[in-house]
$ cat model.cif   # mmCIF, C-alpha atoms and all ligand atoms
data_model
#
loop_
_atom_site.label_atom_id
_atom_site.label_comp_id
_atom_site.auth_asym_id
_atom_site.auth_seq_id
_atom_site.Cartn_x
_atom_site.Cartn_y
_atom_site.Cartn_z
CA MET A 377 -4.88 -32.09 -6.83
CA ALA A 378 -4.45 -28.37 -7.64
CA SER A 379 -2.69 -26.17 -5.06
CA LYS A 380 -5.00 -23.61 -3.56
CA ILE A 381 -2.46 -21.97 -1.28
CA GLU A 382 1.28 -21.75 -1.85
CA VAL A 383 3.48 -20.43 0.92
CA LYS A 384 6.92 -19.43 -0.36
CA ASP A 385 9.81 -18.69 1.97
CA PHE A 386 7.48 -16.90 4.37
CA ASN A 387 8.91 -15.31 7.54
CA LEU A 388 7.07 -13.39 10.24
CA PHE A 389 8.54 -11.20 12.98
CA TYR A 390 6.78 -9.80 16.07
CA GLY A 391 9.23 -6.92 16.61
CA ASP A 392 12.60 -8.65 17.13
CA HIS A 393 11.10 -12.09 17.64
CA GLN A 394 10.94 -14.28 14.56
CA ALA A 395 7.85 -16.47 14.93
CA LEU A 396 7.88 -18.08 11.46
CA ILE A 397 11.10 -19.14 9.75
CA ASP A 398 11.38 -19.86 6.01
CA THR A 399 8.02 -21.60 5.91
CA GLU A 400 7.12 -23.35 2.65
CA LEU A 401 3.85 -25.19 2.09
CA GLU A 402 1.55 -26.11 -0.78
CA LEU A 403 -2.00 -26.79 0.27
CA PRO A 404 -4.41 -28.67 -1.99
CA GLU A 405 -7.84 -27.37 -2.86
CA LYS A 406 -10.96 -28.85 -1.22
CA ASP A 407 -9.13 -30.75 1.43
CA VAL A 408 -8.41 -30.55 5.15
CA THR A 409 -4.88 -29.80 6.33
CA ALA A 410 -4.03 -30.00 10.04
CA LEU A 411 -1.34 -27.89 11.71
CA ILE A 412 0.14 -29.55 14.79
CA GLY A 413 3.02 -28.82 17.15
CA PRO A 414 3.76 -27.76 20.71
CA SER A 415 2.47 -24.56 22.25
CA GLY A 416 4.15 -21.42 20.93
CA CYS A 417 5.60 -23.03 17.78
CA GLY A 418 3.78 -20.65 15.43
CA LYS A 419 0.68 -22.54 14.28
CA SER A 420 -1.79 -19.74 15.01
CA THR A 421 0.61 -17.15 13.63
CA PHE A 422 0.85 -19.15 10.42
CA LEU A 423 -2.93 -19.52 10.20
CA ARG A 424 -3.48 -15.80 10.79
CA SER A 425 -0.90 -14.98 8.12
CA ILE A 426 -3.11 -16.54 5.44
CA ASN A 427 -5.86 -13.92 5.79
CA ARG A 428 -3.45 -11.24 7.04
CA MET A 429 -5.03 -11.03 10.49
CA ASN A 430 -1.54 -10.41 11.89
CA ASP A 431 -1.52 -7.06 10.09
CA MET A 432 -3.64 -5.76 12.95
CA ILE A 433 -0.83 -6.39 15.45
CA ASP A 434 1.67 -3.58 15.98
CA GLY A 435 5.26 -4.32 15.01
CA VAL A 436 4.52 -7.31 12.75
CA ARG A 437 6.74 -7.64 9.68
CA THR A 438 6.70 -10.34 7.04
CA THR A 439 8.82 -11.42 4.10
CA GLY A 440 8.06 -13.99 1.41
CA GLU A 441 4.77 -14.83 -0.22
CA ILE A 442 1.47 -16.50 0.48
CA CYS A 443 -0.29 -17.08 -2.82
CA ILE A 444 -3.96 -17.96 -3.05
CA ASP A 445 -4.97 -19.08 -6.53
CA GLY A 446 -1.55 -17.96 -7.69
CA ARG A 447 -1.78 -14.42 -6.33
CA ASP A 448 0.32 -13.14 -3.42
CA VAL A 449 -2.02 -11.85 -0.69
CA TYR A 450 0.85 -9.66 0.59
CA ASN A 451 0.79 -7.61 -2.63
CA THR A 452 0.24 -3.97 -1.76
CA ASP A 453 -2.88 -3.84 -3.92
CA GLN A 454 -4.57 -6.74 -2.09
CA ASP A 455 -8.03 -5.67 -0.90
CA LEU A 456 -8.25 -6.90 2.72
CA VAL A 457 -12.06 -6.96 2.82
CA GLU A 458 -12.05 -9.14 -0.29
CA LEU A 459 -9.33 -11.38 1.19
CA ARG A 460 -11.24 -11.94 4.43
CA LYS A 461 -14.41 -12.67 2.49
CA LYS A 462 -12.54 -15.34 0.56
CA VAL A 463 -10.74 -16.67 3.65
CA GLY A 464 -13.10 -17.14 6.60
CA MET A 465 -11.96 -17.88 10.13
CA VAL A 466 -13.30 -19.75 13.16
CA PHE A 467 -11.67 -19.29 16.56
CA GLN A 468 -11.20 -21.34 19.71
CA GLN A 469 -14.05 -19.68 21.59
CA PRO A 470 -17.33 -19.53 19.69
CA ASN A 471 -17.93 -15.83 19.03
CA PRO A 472 -21.48 -15.26 17.80
CA PHE A 473 -22.63 -11.64 17.76
CA PRO A 474 -25.12 -10.84 20.53
CA PHE A 475 -27.99 -10.69 18.06
CA SER A 476 -30.53 -13.20 16.79
CA ILE A 477 -29.45 -16.38 15.02
CA TYR A 478 -30.90 -14.96 11.80
CA ASP A 479 -29.06 -11.65 12.12
CA ASN A 480 -25.76 -13.41 12.79
CA ILE A 481 -26.00 -15.12 9.42
CA VAL A 482 -27.20 -12.17 7.35
CA TYR A 483 -24.64 -9.79 8.87
CA GLY A 484 -21.91 -10.51 6.29
CA PRO A 485 -24.13 -10.64 3.19
CA LYS A 486 -25.75 -7.34 4.25
CA ILE A 487 -22.34 -5.68 4.65
CA HIS A 488 -21.53 -6.87 1.15
CA GLY A 489 -24.67 -5.09 -0.10
CA LEU A 490 -27.40 -7.75 -0.18
CA THR A 491 -30.82 -6.42 0.86
CA ASP A 492 -33.34 -8.75 -0.80
CA LYS A 493 -35.26 -10.37 2.08
CA LYS A 494 -36.04 -13.53 0.12
CA LYS A 495 -32.38 -14.04 -0.77
CA LEU A 496 -31.32 -13.40 2.82
CA ASP A 497 -33.88 -15.93 4.09
CA GLU A 498 -32.52 -18.43 1.61
CA ILE A 499 -28.91 -17.86 2.74
CA VAL A 500 -29.96 -18.40 6.36
CA GLU A 501 -31.57 -21.74 5.58
CA VAL A 502 -28.87 -22.97 3.20
CA THR A 503 -25.95 -22.12 5.48
CA LEU A 504 -27.63 -23.46 8.63
CA ARG A 505 -28.30 -26.69 6.76
CA GLN A 506 -24.68 -26.78 5.58
CA ALA A 507 -23.60 -26.30 9.19
CA ASN A 508 -25.84 -29.18 10.34
CA LEU A 509 -27.73 -26.74 12.58
CA TRP A 510 -30.99 -26.03 10.74
CA ASP A 511 -33.11 -28.70 12.42
CA GLU A 512 -32.02 -27.55 15.87
CA VAL A 513 -32.74 -23.84 15.36
CA LYS A 514 -35.31 -23.45 12.57
CA ASP A 515 -38.08 -22.59 15.03
CA ARG A 516 -36.09 -19.99 16.93
CA LEU A 517 -34.23 -18.00 14.29
CA LYS A 518 -35.22 -14.72 15.93
CA GLN A 519 -33.87 -15.72 19.33
CA ASN A 520 -30.54 -14.46 20.60
CA ALA A 521 -27.59 -16.59 19.48
CA MET A 522 -26.04 -16.31 22.93
CA GLY A 523 -28.74 -18.70 24.16
CA LEU A 524 -27.34 -21.57 22.08
CA SER A 525 -25.01 -24.20 23.54
CA GLY A 526 -21.27 -23.84 22.89
CA GLY A 527 -21.36 -26.51 20.18
CA GLN A 528 -24.35 -24.91 18.49
CA GLN A 529 -22.67 -21.50 18.70
CA GLN A 530 -19.57 -22.86 16.98
CA ARG A 531 -21.70 -24.34 14.17
CA LEU A 532 -23.55 -21.00 13.91
CA VAL A 533 -20.21 -19.20 13.58
CA LEU A 534 -19.34 -21.61 10.77
CA ALA A 535 -22.68 -20.91 9.09
CA ARG A 536 -21.92 -17.18 9.41
CA VAL A 537 -18.57 -17.76 7.71
CA LEU A 538 -20.24 -19.80 4.93
CA ALA A 539 -22.78 -17.02 4.33
CA VAL A 540 -20.17 -14.83 2.63
CA GLU A 541 -19.16 -17.69 0.34
CA PRO A 542 -15.50 -18.18 1.22
CA ASP A 543 -13.17 -20.58 -0.60
CA ILE A 544 -10.96 -21.21 2.39
CA ILE A 545 -11.86 -21.72 6.07
CA LEU A 546 -9.22 -21.31 8.77
CA MET A 547 -9.97 -22.96 12.11
CA ASP A 548 -7.90 -22.25 15.20
CA GLU A 549 -8.53 -25.07 17.70
CA PRO A 550 -12.26 -24.86 16.95
CA ALA A 551 -13.23 -27.74 19.22
CA SER A 552 -11.07 -27.01 22.23
CA ALA A 553 -13.91 -25.36 24.16
CA LEU A 554 -16.47 -28.03 23.22
CA ASP A 555 -17.70 -31.20 24.94
CA PRO A 556 -17.07 -34.58 23.24
CA ILE A 557 -20.48 -34.78 21.54
CA SER A 558 -20.24 -31.24 20.14
CA THR A 559 -16.69 -32.01 19.05
CA GLU A 560 -17.87 -35.08 17.17
CA LYS A 561 -20.58 -33.05 15.43
CA LEU A 562 -18.05 -30.39 14.47
CA GLU A 563 -15.64 -32.99 13.12
CA GLU A 564 -18.42 -34.57 11.02
CA LEU A 565 -19.16 -31.12 9.69
CA ILE A 566 -15.52 -30.46 8.80
CA ILE A 567 -15.34 -33.74 6.89
CA LYS A 568 -18.53 -32.83 5.01
CA LEU A 569 -17.39 -29.27 4.22
CA LYS A 570 -14.15 -30.36 2.63
CA GLU A 571 -16.18 -31.39 -0.43
CA GLU A 572 -16.55 -27.70 -1.17
CA TYR A 573 -13.97 -25.79 0.85
CA THR A 574 -10.26 -25.75 1.52
CA ILE A 575 -9.89 -26.09 5.28
CA ILE A 576 -6.88 -25.57 7.53
CA ILE A 577 -7.24 -26.54 11.16
CA VAL A 578 -4.91 -25.96 14.09
CA THR A 579 -5.37 -28.65 16.70
CA HIS A 580 -3.64 -29.94 19.80
CA ASN A 581 -5.63 -33.11 19.54
CA MET A 582 -3.72 -35.64 17.43
CA GLN A 583 -6.70 -37.99 17.15
CA GLN A 584 -8.66 -35.08 15.79
CA ALA A 585 -5.96 -34.29 13.22
CA ALA A 586 -5.93 -37.96 12.24
CA ARG A 587 -9.73 -38.10 11.95
CA VAL A 588 -10.40 -34.98 9.91
CA SER A 589 -7.32 -34.15 7.83
CA SER A 590 -5.70 -35.64 4.74
CA ARG A 591 -2.44 -33.76 5.19
CA THR A 592 -0.63 -32.60 8.31
CA ALA A 593 2.15 -30.07 8.90
CA PHE A 594 4.26 -30.38 12.04
CA PHE A 595 5.58 -27.07 13.38
CA LEU A 596 8.43 -26.61 15.84
CA ASN A 597 9.99 -23.32 16.96
CA GLY A 598 8.57 -21.42 13.98
CA GLU A 599 9.67 -23.96 11.37
CA ILE A 600 7.72 -26.55 9.44
CA ILE A 601 9.62 -29.71 10.27
CA GLU A 602 7.53 -32.10 8.23
CA TYR A 603 4.51 -31.93 5.94
CA ASP A 604 2.97 -35.06 4.53
CA GLU A 605 -0.11 -37.20 4.28
CA THR A 606 -1.67 -37.40 7.73
CA ASN A 607 -1.55 -41.16 7.71
CA ARG A 608 2.19 -41.09 7.09
CA ILE A 609 2.88 -38.40 9.68
CA PHE A 610 1.15 -40.49 12.33
CA THR A 611 2.43 -43.92 11.35
CA ASN A 612 5.79 -43.43 9.69
CA PRO A 613 7.14 -39.89 9.97
CA SER A 614 10.47 -39.17 8.26
CA ASN A 615 11.78 -36.78 10.88
CA LYS A 616 12.83 -37.90 14.36
CA LYS A 617 11.43 -34.69 15.88
CA THR A 618 7.99 -35.43 14.40
CA GLU A 619 8.15 -38.94 15.78
CA ASP A 620 9.13 -37.67 19.22
CA TYR A 621 6.24 -35.23 19.21
CA ILE A 622 3.54 -37.57 18.02
CA THR A 623 4.63 -40.26 20.43
CA GLY A 624 4.33 -37.76 23.26
CA ARG A 625 8.00 -37.38 24.12
CA PHE A 626 7.60 -33.61 24.29
CA GLY A 627 4.99 -30.85 23.83
N1 LIG B 701 0.73 -10.71 19.27
C1 LIG B 701 1.94 -11.22 19.53
N2 LIG B 701 2.97 -10.39 19.87
C2 LIG B 701 4.20 -10.89 20.13
N3 LIG B 701 4.51 -12.20 20.07
C3 LIG B 701 3.53 -13.05 19.75
C4 LIG B 701 2.20 -12.62 19.46
N4 LIG B 701 1.44 -13.70 19.18
C5 LIG B 701 2.27 -14.76 19.27
N5 LIG B 701 3.51 -14.38 19.61
C6 LIG B 701 4.69 -15.26 19.80
O1 LIG B 701 4.93 -15.97 18.59
C7 LIG B 701 5.23 -17.33 18.86
C8 LIG B 701 4.23 -18.23 18.17
O2 LIG B 701 2.96 -18.08 18.78
P1 LIG B 701 1.63 -18.77 18.23
O3 LIG B 701 0.50 -18.28 19.04
O4 LIG B 701 1.57 -18.61 16.77
O5 LIG B 701 1.95 -20.31 18.56
P2 LIG B 701 0.97 -21.57 18.58
O6 LIG B 701 1.75 -22.68 18.04
O7 LIG B 701 -0.30 -21.24 17.90
O8 LIG B 701 0.72 -21.76 20.14
P3 LIG B 701 -0.55 -22.37 20.91
O9 LIG B 701 -0.65 -23.78 20.49
O10 LIG B 701 -0.18 -22.23 22.36
O11 LIG B 701 -1.75 -21.55 20.53
C9 LIG B 701 5.28 -17.48 20.38
O12 LIG B 701 6.60 -17.32 20.80
C10 LIG B 701 4.42 -16.32 20.85
O13 LIG B 701 4.82 -15.89 22.12
#
$ encode --input "model.cif" --output "structure tokens"
Amino acid sequence: MASKIEVKDFNLFYGDHQALIDTELELPEKDVTALIGPSGCGKSTFLRSINRMNDMIDGVRTTGEICIDGRDVYNTDQDLVELRKKVGMVFQQPNPFPFSIYDNIVYGPKIHGLTDKKKLDEIVEVTLRQANLWDEVKDRLKQNAMGLSGGQQQRLVLARVLAVEPDIILMDEPASALDPISTEKLEELIIKLKEEYTIIIVTHNMQQAARVSSRTAFFLNGEIIEYDETNRIFTNPSNKKTEDYITGRFG
């Protein structure tokens, strides 16, 4: 499978603190990769490095490269609006805008210049269907998104991400605020979306990593200790530290 993202000797510093150390990773296209590891090991930092969200934090410095489709996103001529259109992100807490369901979805396309009402209507329906949410909300598109349940909000946020046609979707513990049924729906959705998108998910839930991902990277103290097929990581890891972590000896 072709590599969509190639991380080459990437380091990240918050001031004097080095949060990522010589990270190297090649992520396949149209697949789900899980990032696991104990709290504070750098998973979210790594995820946020891919769409340069860390740039917004004062005192952050990076070295090395993160190439998407062969092009280093840390090049000085990288357009950040373009990058974040291509690389969408879903956070731990669902964060719909306090507008209608419809307006949440059309927000991105409108910013990117789309005004045709028919096209916008179409995007709303297509993305809500993709997010397995259409049937639940089709009769209340003009109602405020804050009135949806947490699980519905998270699927709406995903639909909003899909509306700007990304290639890559970053998910930072997207199910950690959801109940088991909403979590199951979100996981089904992730498995469906990998047909079309490259997905990277940070999760503390090992069963979740095992259920949704094909490859898993284990992080510890800012380093990637092991990266392999998920099945192998969970049944026969090569590194003792990975084994200790997945068997619950620490973390
Ligand atoms: N904005 C920041 N400023 C300074 N240090 C930070 C910042 N964000 C994270 N760090 C530090 O970088 C390290 C990695 O944090 P990060 O949030 O990436 O870990 P994580 O593996 O995602 O943790 P968790 O699972 O708890 O979310 C930690 O030592 C953390 O304290």
$ residues_near_ligand --input "model.cif" --ligand "ligand LIG 701 (chain B)" --cutoff "10 Å" --atoms "all atoms listed in the file" --output "PyMOL selection string"
chain A and resi 388-396+411-425+430+432-436+468+548-549+578-580+595-598+627
$ atom_distance --input "model.cif" --atom1 "CA of Met522 in chain A" --atom2 "CA of Val466 in chain A"
16.4 Å
$ closest_residue --input "model.cif" --among "A:Val408, A:Ala586, A:Ile477, A:Val537" --to "Arg460 in chain A" --atoms "all atoms listed in the file"
A:Val537
$ closest_residue --input "model.cif" --among "A:Thr592, A:Thr559, A:Asn451, A:Thr491" --to "Ile575 in chain A" --atoms "all atoms listed in the file"
A:Thr592
$ residues_around --input "model.cif" --residues "range 567-570 of chain A" --least-positions-apart "3" --cutoff "6 Å" --atoms "only C-alpha atoms" --output "list in words"
Lys406, Asp407, Glu564, Tyr573 and Val588 of chain A
$ closest_residue --input "model.cif" --among "A:Gly446, A:Gly624, A:Pro613, A:Pro470" --to "Ala521 in chain A" --atoms "all atoms listed in the file"
A:Pro470
$ residues_near_point --input "model.cif" --point "(-5.0, -15.3, 0.7)" --cutoff "6 Å" --atoms "all atoms listed in the file" --output "PyMOL selection string"
chain A and resi 426-427+444+449+459
$ residues_near_point --input "model.cif" --point "(-23.9, -25.3, 10.3)" --cutoff "6 Å" --atoms "only C-alpha atoms" --output "list of chain:residue names"
A:Leu504, A:Arg505, A:Gln506, A:Ala507, A:Asn508, A:Leu509, A:Arg531, A:Leu532, A:Leu534, A:Ala535
$ closest_residue --input "model.cif" --among "A:Glu599, A:Leu517, A:Ile487, A:Pro542" --to "Phe386 in chain A" --atoms "only C-alpha atoms"
A:Glu599
$ closest_residue --input "model.cif" --among "A:Pro550, A:Pro404, A:Gly523, A:Pro556" --to "Phe473 in chain A" --atoms "all atoms listed in the file"
A:Gly523
$ closest_residue --input "model.cif" --among "A:Ile577, A:Arg428, A:Asp543, A:Gln530" --to "Asp555 in chain A" --atoms "only C-alpha atoms"
A:Gln530
$ atom_distance --input "model.cif" --atom1 "CA of Met582 in chain A" --atom2 "CA of Phe610 in chain A"
8.6 Å
$ atom_distance --input "model.cif" --atom1 "CA of Ile381 in chain A" --atom2 "CA of Thr503 in chain A"
24.4 Å
